[in-house]
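Asker: Below you'll find run09.txt; it's compact mmCIF, C-alpha atoms.
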# COMPACT_ATOMS: atom_id res chain seq x y z
CA MET W 19 1.02 36.96 14.84
CA SER W 20 -1.76 35.02 16.56
CA GLN W 21 -1.03 32.16 18.88
CA LEU W 22 -2.50 29.72 16.35
CA ALA W 23 -0.29 31.10 13.58
CA GLU W 24 2.76 30.77 15.85
CA ARG W 25 1.91 27.13 16.60
CA ILE W 26 1.37 26.43 12.89
CA ALA W 27 4.80 27.93 12.17
CA GLN W 28 6.34 25.85 14.98
CA PHE W 29 4.91 22.56 13.67
CA ARG W 30 5.62 23.48 10.04
CA LYS W 31 9.28 23.90 11.04
CA MET W 32 9.22 20.61 12.95
CA ALA W 33 7.73 18.78 9.94
CA THR W 34 10.27 20.38 7.61
CA ASP W 35 13.26 19.75 9.88
CA ASP W 36 12.22 16.11 10.46
CA PRO W 37 10.17 14.92 7.45
CA GLU W 38 9.81 11.45 9.03
CA ASN W 39 8.08 12.78 12.17
CA GLU W 40 4.50 11.62 11.72
CA LEU W 41 3.32 13.36 14.89
CA GLY W 42 4.74 16.67 13.64
CA HIS W 43 2.81 16.31 10.38
CA PHE W 44 -0.31 15.17 12.25
CA ARG W 45 -0.30 18.13 14.63
CA LEU W 46 0.45 20.53 11.76
CA GLY W 47 -2.60 19.15 9.94
CA GLN W 48 -4.79 19.59 13.02
CA LEU W 49 -3.72 23.20 13.48
CA LEU W 50 -4.12 24.05 9.79
CA ALA W 51 -7.62 22.52 9.80
CA GLU W 52 -8.48 24.51 12.92
CA ASP W 53 -7.35 27.63 11.03
CA GLY W 54 -9.53 26.75 8.02
CA GLN W 55 -6.57 25.91 5.78
CA HIS W 56 -8.09 22.60 4.67
CA ALA W 57 -5.99 22.05 1.52
CA GLU W 58 -2.72 22.40 3.44
CA ALA W 59 -4.13 20.35 6.30
CA ALA W 60 -5.03 17.57 3.85
CA THR W 61 -1.44 17.56 2.55
CA ALA W 62 -0.10 17.25 6.11
CA PHE W 63 -2.53 14.41 6.88
CA GLU W 64 -1.61 12.60 3.64
CA ARG W 65 2.07 12.76 4.65
CA THR W 66 1.15 11.43 8.11
CA LEU W 67 -0.56 8.43 6.49
CA GLU W 68 2.48 7.79 4.27
CA LEU W 69 4.56 7.52 7.46
CA SER W 70 1.97 5.77 9.62
CA PRO W 71 -0.79 4.06 7.57
CA GLN W 72 -2.41 2.54 10.68
CA PHE W 73 -3.09 5.96 12.29
CA SER W 74 -6.89 5.73 12.00
CA LYS W 75 -7.72 9.19 13.42
CA VAL W 76 -5.81 10.74 10.50
CA TYR W 77 -8.19 9.15 7.98
CA GLN W 78 -11.10 10.77 9.80
CA LEU W 79 -9.49 14.23 9.82
CA LEU W 80 -8.32 13.93 6.21
CA GLY W 81 -11.83 12.89 5.19
CA GLU W 82 -13.30 15.91 6.97
CA CYS W 83 -10.88 18.22 5.13
CA LEU W 84 -11.71 16.66 1.76
CA VAL W 85 -15.44 17.08 2.39
CA LYS W 86 -14.87 20.75 3.20
CA LEU W 87 -12.84 21.07 -0.02
CA GLY W 88 -15.73 19.57 -2.02
CA GLN W 89 -13.72 16.44 -2.91
CA LYS W 90 -16.47 14.03 -1.91
CA ASP W 91 -15.35 11.04 -4.03
CA LYS W 92 -11.84 11.19 -2.65
CA ALA W 93 -13.26 11.66 0.87
CA VAL W 94 -15.38 8.51 0.52
CA GLY W 95 -12.30 6.50 -0.49
CA VAL W 96 -10.23 7.83 2.40
CA LEU W 97 -13.02 7.34 4.93
CA THR W 98 -13.75 3.81 3.72
CA THR W 99 -10.09 2.82 4.06
CA GLY W 100 -9.93 4.59 7.41
CA TRP W 101 -13.06 2.86 8.66
CA LYS W 102 -11.56 -0.56 7.84
CA THR W 103 -8.29 0.40 9.52
CA ALA W 104 -10.03 1.69 12.65
CA ASP W 105 -12.29 -1.37 12.82
CA GLU W 106 -9.32 -3.77 12.56
CA ARG W 107 -7.47 -1.86 15.28
CA GLY W 108 -10.48 -1.51 17.58
CA ASP W 109 -10.36 2.30 17.37
CA LYS W 110 -14.05 2.86 18.06
CA MET W 111 -14.21 6.67 18.24
CA PRO W 112 -12.58 7.36 14.84
CA ARG W 113 -14.52 4.45 13.31
CA ASP W 114 -17.84 5.79 14.57
CA ALA W 115 -16.98 9.34 13.44
CA MET W 116 -16.12 8.01 9.97
CA THR W 117 -19.38 6.02 9.88
CA LYS W 118 -21.26 9.27 10.53
CA LEU W 119 -19.30 11.12 7.82
CA LEU W 120 -19.88 8.34 5.29
CA THR W 121 -23.63 8.25 5.91
CA GLU W 122 -23.87 12.03 5.49
Would you kindly transcribe this structure into structure tokens?
Answerer:
Amino acid sequence: MSQLAERIAQFRKMATDDPENELGHFRLGQLLAEDGQHAEAATAFERTLELSPQFSKVYQLLGECLVKLGQKDKAVGVLTTGWKTADERGDKMPRDAMTKLLTE
């Protein structure tokens, strides 16, 4: 088993053992996306947003996954909401990344 697969398994267990742990779901999503498992990553990011709707970086990563999955309409909705959230919170890096994704 690769190191990435081991880390995915570790965070999958963490997210399962503690379904309210938004950071566990967030990190699981990041690792799954890194591994090219965009559909599963999107599910992990959606759960993160259910737990922590102000987590602006998650909107960016979820939007990226949706684009890669060919779900452009859904991606635009997620990125638009995320952009507003990031702008309200002063999270410039995720906001600017989402601006770039939306214009593409």
Asker: Against stretch 29-47 of chain W, which residues of stretch 54-86 of chain W fall within 6 Å? For each one I want the closest pair of atoms and the distance in Å (one decimal), counting only C-alpha atoms, rows by chain and increasing residue number, as a Markdown table.
Answerer:
| residue | atom | partner | partner_atom | distance |
| --- | --- | --- | --- | --- |
| W:Ala59 | CA | W:Gly47 | CA | 4.1 |
| W:Ala62 | CA | W:Gly47 | CA | 5.0 |
| W:Phe63 | CA | W:Gly47 | CA | 5.6 |
| W:Thr66 | CA | W:Glu40 | CA | 4.9 |
| W:Leu69 | CA | W:Glu40 | CA | 5.9 |
Asker: Which one is closest to W:Lys75: W:Gln21, W:Gln28, W:Glu106, W:Trp101? Count only C-alpha atoms.
Answerer: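 Between W:Gln21, W:Gln28, W:Glu106, W:Trp101, the residue approaching W:Lys75 most closely is W:Trp101.
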Asker: Quick one: distance from atom CA of W:Pro71 to atom CA of W:Leu84 in Å, one decimal?
Answerer: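 Between atom CA of W:Pro71 and atom CA of W:Leu84 the gap works out to 17.7 Å.
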Asker: Could you tell me how far atom CA of W:Phe73 sits from atom CA of W:Ser20, in Å to one decimal place?
Answerer: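 Pair atom CA of W:Ser20 / atom CA of W:Phe73 returns 29.4 Å.
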Asker: Quick one: residues within 9 Å of W:Leu22, only C-alpha atoms counted, chain neighbours fewer than 5 positions away excluded, as a PyMOL selection string?
Answerer: chain W and resi 27+49-50+52-53
Asker: List the neighbours of W:Leu79 out to 10 Å using all atoms listed in the file; skip same-chain residues closer than 3 positions along the sequence, and give me the result as a list in words.
Answerer: Phe44, Gly47, Gln48, Ala51, His56, Ala59, Ala60, Phe63, Ser74, Lys75, Val76, Glu82, Cys83, Leu84, Val85, Val96, Leu97, Gly100, Pro112, Ala115 and Met116 of chain W
Asker: At what distance in Å, to one decimal, does atom CA of W:Gly108 lie from atom CA of W:Gln72?
Answerer: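 Computing it gives 11.4 Å between the two atoms.
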Asker: Can you work out which one of W:Thr99, W:Asp91, W:Ala23, W:Gln55 has the shortest atom-to-atom distance to W:Gln78, counting all atoms listed in the file?
Answerer: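 Distance minimum relative to W:Gln78 lands on W:Thr99.
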